[in-house]
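target-v7.txt (compact mmCIF, N, CA and C atoms) appears below.
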```txt
# COMPACT_ATOMS: atom_id res chain seq x y z
N MET A 671 39.32 26.21 -13.99
CA MET A 671 38.10 25.80 -13.37
C MET A 671 37.53 24.62 -14.15
N VAL A 672 37.07 23.60 -13.45
CA VAL A 672 36.43 22.43 -14.05
C VAL A 672 34.94 22.52 -13.79
N ILE A 673 34.15 22.46 -14.86
CA ILE A 673 32.69 22.47 -14.73
C ILE A 673 32.22 21.04 -14.86
N LYS A 674 31.59 20.54 -13.81
CA LYS A 674 31.14 19.14 -13.80
C LYS A 674 29.69 19.00 -14.22
N THR A 675 28.94 20.07 -14.19
CA THR A 675 27.54 20.03 -14.57
C THR A 675 27.40 20.63 -15.96
N PRO A 676 26.83 19.90 -16.92
CA PRO A 676 26.68 20.45 -18.27
C PRO A 676 25.83 21.72 -18.28
N ARG A 677 26.19 22.63 -19.15
CA ARG A 677 25.46 23.88 -19.33
C ARG A 677 25.27 24.11 -20.82
N CYS A 678 24.13 24.71 -21.15
CA CYS A 678 23.82 25.00 -22.55
C CYS A 678 23.34 26.44 -22.68
N TRP A 679 23.49 27.00 -23.89
CA TRP A 679 23.02 28.35 -24.15
C TRP A 679 22.88 28.54 -25.65
N GLY A 680 22.20 29.63 -26.03
CA GLY A 680 22.02 29.96 -27.43
C GLY A 680 20.58 29.94 -27.87
N GLN A 681 20.39 29.77 -29.17
CA GLN A 681 19.04 29.75 -29.74
C GLN A 681 18.26 28.59 -29.15
N ASN A 682 17.00 28.86 -28.79
CA ASN A 682 16.18 27.84 -28.13
C ASN A 682 14.73 27.93 -28.58
N ASP A 683 14.46 28.48 -29.75
CA ASP A 683 13.09 28.65 -30.20
C ASP A 683 12.35 27.34 -30.41
N LEU A 684 13.09 26.25 -30.59
CA LEU A 684 12.47 24.94 -30.78
C LEU A 684 12.66 24.04 -29.56
N GLY A 685 13.16 24.58 -28.47
CA GLY A 685 13.38 23.80 -27.26
C GLY A 685 14.64 22.98 -27.29
N GLN A 686 15.58 23.31 -28.20
CA GLN A 686 16.76 22.48 -28.37
C GLN A 686 17.73 22.51 -27.20
N ILE A 687 17.62 23.47 -26.31
CA ILE A 687 18.48 23.47 -25.12
C ILE A 687 18.05 22.38 -24.16
N GLY A 688 16.77 22.08 -24.14
CA GLY A 688 16.29 20.96 -23.33
C GLY A 688 15.92 21.33 -21.91
N ASP A 689 15.69 22.61 -21.65
CA ASP A 689 15.30 23.00 -20.29
C ASP A 689 13.79 23.16 -20.15
N GLY A 690 13.03 22.79 -21.18
CA GLY A 690 11.58 22.86 -21.13
C GLY A 690 11.01 24.18 -21.61
N SER A 691 11.87 25.14 -21.95
CA SER A 691 11.39 26.44 -22.42
C SER A 691 11.64 26.58 -23.92
N ARG A 692 11.15 27.67 -24.48
CA ARG A 692 11.42 28.01 -25.87
C ARG A 692 11.96 29.44 -25.96
N HIS A 693 12.73 29.82 -24.96
CA HIS A 693 13.33 31.15 -24.92
C HIS A 693 14.83 31.02 -25.11
N ASP A 694 15.41 31.88 -25.95
CA ASP A 694 16.85 31.87 -26.17
C ASP A 694 17.57 32.13 -24.85
N LYS A 695 18.71 31.53 -24.69
CA LYS A 695 19.52 31.69 -23.47
C LYS A 695 20.83 32.35 -23.86
N TRP A 696 21.08 33.53 -23.33
CA TRP A 696 22.29 34.27 -23.66
C TRP A 696 23.40 34.03 -22.65
N THR A 697 23.07 33.33 -21.58
CA THR A 697 24.08 32.90 -20.61
C THR A 697 23.85 31.42 -20.34
N PRO A 698 24.87 30.70 -19.92
CA PRO A 698 24.72 29.25 -19.68
C PRO A 698 23.68 28.93 -18.61
N VAL A 699 22.86 27.91 -18.90
CA VAL A 699 21.92 27.37 -17.93
C VAL A 699 22.30 25.92 -17.66
N THR A 700 22.12 25.50 -16.43
CA THR A 700 22.46 24.14 -16.04
C THR A 700 21.46 23.15 -16.62
N ILE A 701 21.98 22.09 -17.20
CA ILE A 701 21.17 21.00 -17.72
C ILE A 701 21.46 19.80 -16.82
N ASP A 702 20.44 19.26 -16.22
CA ASP A 702 20.60 18.23 -15.20
C ASP A 702 20.77 16.83 -15.80
N ILE A 703 21.64 16.71 -16.78
CA ILE A 703 21.93 15.43 -17.42
C ILE A 703 23.42 15.42 -17.73
N PRO A 704 24.13 14.35 -17.41
CA PRO A 704 25.59 14.38 -17.50
C PRO A 704 26.20 14.32 -18.90
N ARG A 705 25.55 13.71 -19.88
CA ARG A 705 26.14 13.60 -21.22
C ARG A 705 25.18 14.16 -22.25
N ILE A 706 25.66 15.11 -23.05
CA ILE A 706 24.80 15.74 -24.04
C ILE A 706 25.50 15.82 -25.39
N SER A 707 24.69 15.92 -26.45
CA SER A 707 25.18 16.14 -27.80
C SER A 707 24.19 17.06 -28.50
N ALA A 708 24.68 18.18 -29.00
CA ALA A 708 23.82 19.15 -29.65
C ALA A 708 23.99 19.10 -31.15
N GLY A 709 22.86 18.98 -31.86
CA GLY A 709 22.85 19.03 -33.31
C GLY A 709 22.56 20.45 -33.77
N LYS A 710 22.12 20.60 -34.99
CA LYS A 710 21.85 21.94 -35.51
C LYS A 710 20.70 22.60 -34.76
N TYR A 711 19.59 21.88 -34.58
CA TYR A 711 18.43 22.42 -33.87
C TYR A 711 17.85 21.43 -32.87
N HIS A 712 18.60 20.44 -32.47
CA HIS A 712 18.10 19.47 -31.49
C HIS A 712 19.24 19.02 -30.58
N THR A 713 18.84 18.47 -29.44
CA THR A 713 19.81 18.03 -28.44
C THR A 713 19.41 16.67 -27.91
N HIS A 714 20.41 15.82 -27.68
CA HIS A 714 20.20 14.54 -27.03
C HIS A 714 20.98 14.55 -25.71
N ALA A 715 20.49 13.79 -24.75
CA ALA A 715 21.17 13.66 -23.48
C ALA A 715 21.04 12.23 -23.00
N ILE A 716 22.04 11.78 -22.28
CA ILE A 716 22.01 10.45 -21.67
C ILE A 716 22.10 10.64 -20.16
N THR A 717 21.14 10.07 -19.45
CA THR A 717 21.12 10.20 -17.99
C THR A 717 22.20 9.31 -17.37
N THR A 718 22.43 9.46 -16.09
CA THR A 718 23.42 8.62 -15.42
C THR A 718 23.04 7.15 -15.49
N ALA A 719 21.75 6.84 -15.63
CA ALA A 719 21.30 5.46 -15.76
C ALA A 719 21.38 4.94 -17.19
N GLY A 720 21.72 5.81 -18.15
CA GLY A 720 21.84 5.38 -19.54
C GLY A 720 20.62 5.63 -20.40
N ALA A 721 19.59 6.28 -19.83
CA ALA A 721 18.38 6.58 -20.61
C ALA A 721 18.67 7.72 -21.59
N LEU A 722 18.19 7.57 -22.82
CA LEU A 722 18.34 8.58 -23.86
C LEU A 722 17.13 9.49 -23.86
N LYS A 723 17.37 10.81 -23.85
CA LYS A 723 16.30 11.80 -23.93
C LYS A 723 16.65 12.80 -25.01
N SER A 724 15.61 13.34 -25.67
CA SER A 724 15.83 14.27 -26.78
C SER A 724 14.85 15.43 -26.72
N ALA A 725 15.27 16.57 -27.29
CA ALA A 725 14.41 17.75 -27.37
C ALA A 725 14.84 18.60 -28.55
N GLY A 726 13.91 19.40 -29.09
CA GLY A 726 14.22 20.35 -30.15
C GLY A 726 13.43 20.09 -31.41
N MET A 727 14.00 20.53 -32.54
CA MET A 727 13.35 20.37 -33.84
C MET A 727 13.36 18.90 -34.24
N ASN A 728 12.29 18.50 -34.91
CA ASN A 728 12.12 17.08 -35.22
C ASN A 728 11.51 16.87 -36.59
N GLN A 729 11.67 17.82 -37.51
CA GLN A 729 11.01 17.70 -38.82
C GLN A 729 11.49 16.51 -39.62
N ASP A 730 12.67 16.00 -39.33
CA ASP A 730 13.19 14.82 -40.02
C ASP A 730 13.29 13.62 -39.08
N SER A 731 12.57 13.68 -37.97
CA SER A 731 12.56 12.65 -36.94
C SER A 731 13.94 12.43 -36.32
N GLN A 732 14.74 13.49 -36.27
CA GLN A 732 16.07 13.39 -35.69
C GLN A 732 16.04 13.21 -34.17
N LEU A 733 14.88 13.39 -33.54
CA LEU A 733 14.77 13.10 -32.11
C LEU A 733 14.59 11.62 -31.85
N GLY A 734 14.03 10.89 -32.81
CA GLY A 734 13.90 9.44 -32.68
C GLY A 734 12.67 8.96 -31.94
N ASP A 735 11.68 9.82 -31.76
CA ASP A 735 10.48 9.42 -31.02
C ASP A 735 9.40 8.85 -31.92
N GLY A 736 9.66 8.71 -33.22
CA GLY A 736 8.68 8.13 -34.13
C GLY A 736 7.74 9.14 -34.75
N THR A 737 7.92 10.43 -34.41
CA THR A 737 7.07 11.48 -34.98
C THR A 737 7.95 12.51 -35.67
N VAL A 738 7.30 13.53 -36.20
CA VAL A 738 8.02 14.69 -36.73
C VAL A 738 7.56 15.95 -35.98
N ASN A 739 7.14 15.77 -34.73
CA ASN A 739 6.69 16.88 -33.89
C ASN A 739 7.86 17.45 -33.10
N ASN A 740 8.02 18.77 -33.10
CA ASN A 740 9.03 19.40 -32.28
C ASN A 740 8.70 19.19 -30.81
N ILE A 741 9.73 19.04 -29.98
CA ILE A 741 9.54 18.75 -28.55
C ILE A 741 10.42 19.69 -27.74
N ALA A 742 9.83 20.47 -26.84
CA ALA A 742 10.59 21.43 -26.04
C ALA A 742 11.12 20.85 -24.74
N THR A 743 10.52 19.77 -24.24
CA THR A 743 10.94 19.16 -22.98
C THR A 743 11.63 17.84 -23.27
N PRO A 744 12.80 17.58 -22.67
CA PRO A 744 13.49 16.30 -22.92
C PRO A 744 12.54 15.11 -22.76
N THR A 745 12.48 14.30 -23.80
CA THR A 745 11.54 13.19 -23.87
C THR A 745 12.30 11.87 -24.01
N PRO A 746 11.92 10.82 -23.25
CA PRO A 746 12.59 9.53 -23.38
C PRO A 746 12.47 8.97 -24.79
N ILE A 747 13.58 8.42 -25.29
CA ILE A 747 13.65 7.83 -26.62
C ILE A 747 14.18 6.41 -26.47
N ASP A 748 13.61 5.46 -27.19
CA ASP A 748 14.10 4.07 -27.20
C ASP A 748 14.25 3.54 -25.77
N SER A 749 13.16 3.56 -25.03
CA SER A 749 13.19 3.21 -23.61
C SER A 749 13.57 1.76 -23.32
N THR A 750 13.66 0.92 -24.34
CA THR A 750 14.07 -0.47 -24.12
C THR A 750 15.58 -0.62 -24.06
N GLU A 751 16.32 0.45 -24.36
CA GLU A 751 17.78 0.41 -24.39
C GLU A 751 18.38 1.45 -23.46
N ASN A 752 19.59 1.18 -23.01
CA ASN A 752 20.40 2.18 -22.33
C ASN A 752 21.57 2.51 -23.25
N TYR A 753 21.97 3.76 -23.26
CA TYR A 753 22.99 4.24 -24.19
C TYR A 753 24.26 4.68 -23.45
N SER A 754 25.39 4.49 -24.11
CA SER A 754 26.66 4.99 -23.57
C SER A 754 27.08 6.27 -24.27
N THR A 755 26.68 6.43 -25.54
CA THR A 755 27.09 7.56 -26.36
C THR A 755 25.99 7.94 -27.33
N VAL A 756 25.89 9.22 -27.63
CA VAL A 756 24.96 9.69 -28.66
C VAL A 756 25.61 10.87 -29.38
N ALA A 757 25.35 10.97 -30.68
CA ALA A 757 25.86 12.07 -31.48
C ALA A 757 24.73 12.63 -32.33
N ALA A 758 24.58 13.94 -32.33
CA ALA A 758 23.53 14.61 -33.08
C ALA A 758 24.12 15.31 -34.29
N GLY A 759 23.61 14.95 -35.48
CA GLY A 759 23.99 15.66 -36.70
C GLY A 759 22.99 16.77 -36.95
N ALA A 760 22.97 17.30 -38.16
CA ALA A 760 22.02 18.37 -38.49
C ALA A 760 20.59 17.82 -38.56
N THR A 761 20.41 16.67 -39.25
CA THR A 761 19.07 16.11 -39.45
C THR A 761 19.02 14.63 -39.14
N HIS A 762 20.04 14.11 -38.50
CA HIS A 762 20.05 12.70 -38.11
C HIS A 762 20.85 12.57 -36.82
N SER A 763 20.75 11.40 -36.20
CA SER A 763 21.46 11.14 -34.96
C SER A 763 21.83 9.67 -34.91
N CYS A 764 22.87 9.37 -34.16
CA CYS A 764 23.29 7.98 -33.94
C CYS A 764 23.71 7.82 -32.49
N GLY A 765 23.53 6.63 -31.96
CA GLY A 765 23.95 6.34 -30.61
C GLY A 765 24.47 4.93 -30.49
N ILE A 766 25.23 4.70 -29.45
CA ILE A 766 25.74 3.35 -29.16
C ILE A 766 25.13 2.92 -27.83
N THR A 767 24.49 1.76 -27.85
CA THR A 767 23.86 1.25 -26.63
C THR A 767 24.92 0.69 -25.69
N LEU A 768 24.54 0.47 -24.44
CA LEU A 768 25.47 -0.14 -23.49
C LEU A 768 25.88 -1.54 -23.92
N ALA A 769 25.04 -2.20 -24.73
CA ALA A 769 25.37 -3.52 -25.25
C ALA A 769 26.29 -3.45 -26.47
N GLY A 770 26.59 -2.22 -26.94
CA GLY A 770 27.51 -2.05 -28.06
C GLY A 770 26.86 -1.96 -29.42
N ALA A 771 25.54 -1.90 -29.50
CA ALA A 771 24.86 -1.80 -30.78
C ALA A 771 24.84 -0.35 -31.27
N LEU A 772 25.10 -0.15 -32.55
CA LEU A 772 24.99 1.16 -33.17
C LEU A 772 23.57 1.32 -33.68
N LYS A 773 22.93 2.44 -33.33
CA LYS A 773 21.59 2.74 -33.82
C LYS A 773 21.58 4.16 -34.37
N CYS A 774 20.85 4.36 -35.48
CA CYS A 774 20.74 5.68 -36.09
C CYS A 774 19.27 5.96 -36.41
N TRP A 775 18.94 7.25 -36.54
CA TRP A 775 17.58 7.66 -36.86
C TRP A 775 17.61 9.06 -37.46
N GLY A 776 16.53 9.39 -38.17
CA GLY A 776 16.40 10.69 -38.81
C GLY A 776 16.58 10.60 -40.31
N LEU A 777 17.06 11.68 -40.92
CA LEU A 777 17.23 11.77 -42.36
C LEU A 777 18.46 10.99 -42.81
N ASN A 778 18.31 10.21 -43.87
CA ASN A 778 19.40 9.38 -44.38
C ASN A 778 19.52 9.48 -45.90
N VAL A 779 19.05 10.59 -46.49
CA VAL A 779 19.03 10.70 -47.95
C VAL A 779 20.42 10.74 -48.57
N TYR A 780 21.44 11.07 -47.80
CA TYR A 780 22.81 11.08 -48.30
C TYR A 780 23.63 9.93 -47.73
N GLY A 781 22.95 8.92 -47.18
CA GLY A 781 23.66 7.76 -46.63
C GLY A 781 24.34 8.03 -45.30
N GLN A 782 23.81 8.98 -44.52
CA GLN A 782 24.43 9.36 -43.25
C GLN A 782 24.63 8.19 -42.29
N PHE A 783 23.81 7.17 -42.38
CA PHE A 783 23.90 6.04 -41.44
C PHE A 783 25.05 5.11 -41.76
N GLY A 784 25.56 5.18 -42.98
CA GLY A 784 26.67 4.33 -43.37
C GLY A 784 26.30 2.88 -43.60
N ASP A 785 25.02 2.60 -43.81
CA ASP A 785 24.58 1.22 -44.00
C ASP A 785 24.33 0.90 -45.47
N GLY A 786 24.70 1.80 -46.37
CA GLY A 786 24.51 1.56 -47.79
C GLY A 786 23.12 1.90 -48.29
N SER A 787 22.25 2.39 -47.41
CA SER A 787 20.89 2.73 -47.83
C SER A 787 20.70 4.25 -47.79
N THR A 788 19.56 4.67 -48.30
CA THR A 788 19.14 6.07 -48.16
C THR A 788 17.74 6.12 -47.55
N THR A 789 17.43 5.13 -46.73
CA THR A 789 16.13 5.03 -46.09
C THR A 789 16.13 5.80 -44.77
N ASN A 790 15.20 6.74 -44.63
CA ASN A 790 15.05 7.48 -43.38
C ASN A 790 14.49 6.56 -42.30
N GLN A 791 14.82 6.82 -41.05
CA GLN A 791 14.31 6.03 -39.93
C GLN A 791 13.71 6.98 -38.90
N TYR A 792 12.54 6.63 -38.36
CA TYR A 792 11.84 7.51 -37.43
C TYR A 792 12.10 7.16 -35.97
N THR A 793 12.72 6.03 -35.75
CA THR A 793 13.11 5.60 -34.40
C THR A 793 14.50 5.01 -34.48
N PRO A 794 15.20 4.90 -33.36
CA PRO A 794 16.54 4.29 -33.39
C PRO A 794 16.50 2.90 -34.02
N THR A 795 17.29 2.71 -35.06
CA THR A 795 17.31 1.48 -35.83
C THR A 795 18.73 0.92 -35.87
N ALA A 796 18.87 -0.35 -35.58
CA ALA A 796 20.20 -0.99 -35.55
C ALA A 796 20.87 -0.91 -36.91
N ILE A 797 22.13 -0.51 -36.91
CA ILE A 797 22.96 -0.47 -38.11
C ILE A 797 23.98 -1.58 -37.97
N THR A 798 23.84 -2.59 -38.80
CA THR A 798 24.70 -3.79 -38.64
C THR A 798 25.84 -3.84 -39.62
N SER A 799 25.89 -2.92 -40.57
CA SER A 799 26.94 -2.98 -41.59
C SER A 799 28.29 -2.47 -41.10
N TRP A 800 28.35 -1.89 -39.95
CA TRP A 800 29.63 -1.40 -39.43
C TRP A 800 30.36 -2.57 -38.87
```
Write out the structure in this file as structure tokens.
Amino acid sequence: MVIKTPRCWGQNDLGQIGDGSRHDKWTPVTIDIPRISAGKYHTHAITTAGALKSAGMNQDSQLGDGTVNNIATPTPIDSTENYSTVAAGATHSCGITLAGALKCWGLNVYGQFGDGSTTNQYTPTAITSW
């Protein structure tokens, strides 16, 4: 069987499933976004138009909205760009825009961005050292 619609389940106390609730899901629920990446406690999704949306824990700004507020409902991030790919780590995230730019955000104390720095970023920030 091929599942064409993404589904998510599991712990959801911080809204990381992205369905707008904060209730754990013990069975798969449909997520109406075609591309998703789940981190430790947060989730990113890219719409068919390329818009990046994020939900879940945000204590290290891993959602990329410029705050450290947890968000239970998928929220647009970096609305000036469209994305082709996004990857969620435990406390940081990176994405590639449709124009091919690499952007990262969140915790960078161990050099997760690969740019030679340990500077945290609260919004998607271009990484040019790659």
task: Compare A:Ile716, A:Ile766, A:Leu722, A:Val779 by their minimum atom-to-atom distance to Pro746 in chain A, counting only N, CA and C atoms, and give me the closest one.
output: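 Once distances to Pro746 in chain A are computed over only N, CA and C atoms, the minimum belongs to A:Leu722.
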- request: Extract, using all atoms listed in the file, all DNA, RNA and protein residues at most 5 Å from Asn739 in chain A, discarding same-chain residues fewer than 2 positions from it, and format them as a list in words.
  value: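 My reading of the contact set: Asn728, Thr737 and Ile741 of chain A.
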- request: Going by DSSP on the backbone, which bits of range 691-796 of chain A are strand (DSSP E or B)? Write them as a PyMOL selection string, please.
  value: chain A and resi 695-700+705-708+712-716+722-726+741-747+753-758+762-767+772-776+791-796
field: Pick from A:Ser731, A:Thr761, A:Ser754, A:Ser691, whichever lies nearest to Gly709 in chain A using only N, CA and C atoms
entry: A:Thr761
task: Choose the residue, out of A:Tyr711, A:Asp683, A:Ala796, A:Gly726, that has the smallest atom-to-atom separation from Lys695 in chain A; count all atoms listed in the file.
output: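 Looking only at the distances to Lys695 in chain A, the closest residue turns out to be A:Asp683.
Going from atom N of Thr750 in chain A to atom C of Ala725 in chain A covers 18.2 Å.
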- prompt: Quick one: distance from CA of Asp730 in chain A to CA of Gly776 in chain A in Å, one decimal?
  reply: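 CA of Asp730 in chain A sits 5.4 Å away from CA of Gly776 in chain A.
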query: atom C of Ile747 in chain A and atom C of Val699 in chain A, how far apart in Å?
result: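 Computing it gives 22.9 Å between the two atoms.
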Applying 8 Å and all atoms listed in the file, which residues near Thr798 in chain A remain after dropping the ones on its own chain fewer than 5 positions away? List them as an mmCIF file with N, CA and C atoms, in the frame of the given file.
```cif
data_model
loop_
_atom_site.group_PDB
_atom_site.id
_atom_site.type_symbol
_atom_site.label_atom_id
_atom_site.label_comp_id
_atom_site.auth_asym_id
_atom_site.auth_seq_id
_atom_site.Cartn_x
_atom_site.Cartn_y
_atom_site.Cartn_z
ATOM 1 N N ALA A 771 25.540 -1.900 -29.500
ATOM 2 C CA ALA A 771 24.860 -1.800 -30.780
ATOM 3 C C ALA A 771 24.840 -0.350 -31.270
ATOM 4 N N LEU A 772 25.100 -0.150 -32.550
ATOM 5 C CA LEU A 772 24.990 1.160 -33.170
ATOM 6 C C LEU A 772 23.570 1.320 -33.680
ATOM 7 N N LYS A 773 22.930 2.440 -33.330
ATOM 8 C CA LYS A 773 21.590 2.740 -33.820
ATOM 9 C C LYS A 773 21.580 4.160 -34.370
ATOM 10 N N GLY A 784 25.560 5.180 -42.980
ATOM 11 C CA GLY A 784 26.670 4.330 -43.370
ATOM 12 C C GLY A 784 26.300 2.880 -43.600
ATOM 13 N N ASP A 785 25.020 2.600 -43.810
ATOM 14 C CA ASP A 785 24.580 1.220 -44.000
ATOM 15 C C ASP A 785 24.330 0.900 -45.470
#
```
Which neighbours of Ser749 in chain A fall inside 12 Å, counting only C-alpha atoms, when residues of the same chain fewer than 3 positions from it are skipped, and could you give them as a compact mmCIF listing (two decimals) with N, CA and C atoms, in the coordinates of the input?
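Saved the output as result.txt:
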```txt
# COMPACT_ATOMS: atom_id res chain seq x y z
N ILE A 716 22.04 11.78 -22.28
CA ILE A 716 22.01 10.45 -21.67
C ILE A 716 22.10 10.64 -20.16
N THR A 717 21.14 10.07 -19.45
CA THR A 717 21.12 10.20 -17.99
C THR A 717 22.20 9.31 -17.37
N ALA A 719 21.75 6.84 -15.63
CA ALA A 719 21.30 5.46 -15.76
C ALA A 719 21.38 4.94 -17.19
N GLY A 720 21.72 5.81 -18.15
CA GLY A 720 21.84 5.38 -19.54
C GLY A 720 20.62 5.63 -20.40
N ALA A 721 19.59 6.28 -19.83
CA ALA A 721 18.38 6.58 -20.61
C ALA A 721 18.67 7.72 -21.59
N LEU A 722 18.19 7.57 -22.82
CA LEU A 722 18.34 8.58 -23.86
C LEU A 722 17.13 9.49 -23.86
N LYS A 723 17.37 10.81 -23.85
CA LYS A 723 16.30 11.80 -23.93
C LYS A 723 16.65 12.80 -25.01
N SER A 724 15.61 13.34 -25.67
CA SER A 724 15.83 14.27 -26.78
C SER A 724 14.85 15.43 -26.72
N GLY A 734 14.03 10.89 -32.81
CA GLY A 734 13.90 9.44 -32.68
C GLY A 734 12.67 8.96 -31.94
N ASP A 735 11.68 9.82 -31.76
CA ASP A 735 10.48 9.42 -31.02
C ASP A 735 9.40 8.85 -31.92
N THR A 745 12.48 14.30 -23.80
CA THR A 745 11.54 13.19 -23.87
C THR A 745 12.30 11.87 -24.01
N PRO A 746 11.92 10.82 -23.25
CA PRO A 746 12.59 9.53 -23.38
C PRO A 746 12.47 8.97 -24.79
N ASN A 752 19.59 1.18 -23.01
CA ASN A 752 20.40 2.18 -22.33
C ASN A 752 21.57 2.51 -23.25
N TYR A 753 21.97 3.76 -23.26
CA TYR A 753 22.99 4.24 -24.19
C TYR A 753 24.26 4.68 -23.45
N THR A 767 24.49 1.76 -27.85
CA THR A 767 23.86 1.25 -26.63
C THR A 767 24.92 0.69 -25.69
N THR A 793 12.72 6.03 -35.75
CA THR A 793 13.11 5.60 -34.40
C THR A 793 14.50 5.01 -34.48
N PRO A 794 15.20 4.90 -33.36
CA PRO A 794 16.54 4.29 -33.39
C PRO A 794 16.50 2.90 -34.02
```
field: Given only N, CA and C atoms as the counted atoms, nearest of A:Arg705, A:Trp775, A:Asn790, A:Gln681 to Thr755 in chain A
entry: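 For Thr755 in chain A, the nearest of the candidates is A:Arg705.
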query: Of the candidates A:Gly781, A:Met727, A:Thr718, A:Asn682, which one gets nearest to Asn740 in chain A if we count only C-alpha atoms?
result: A:Met727
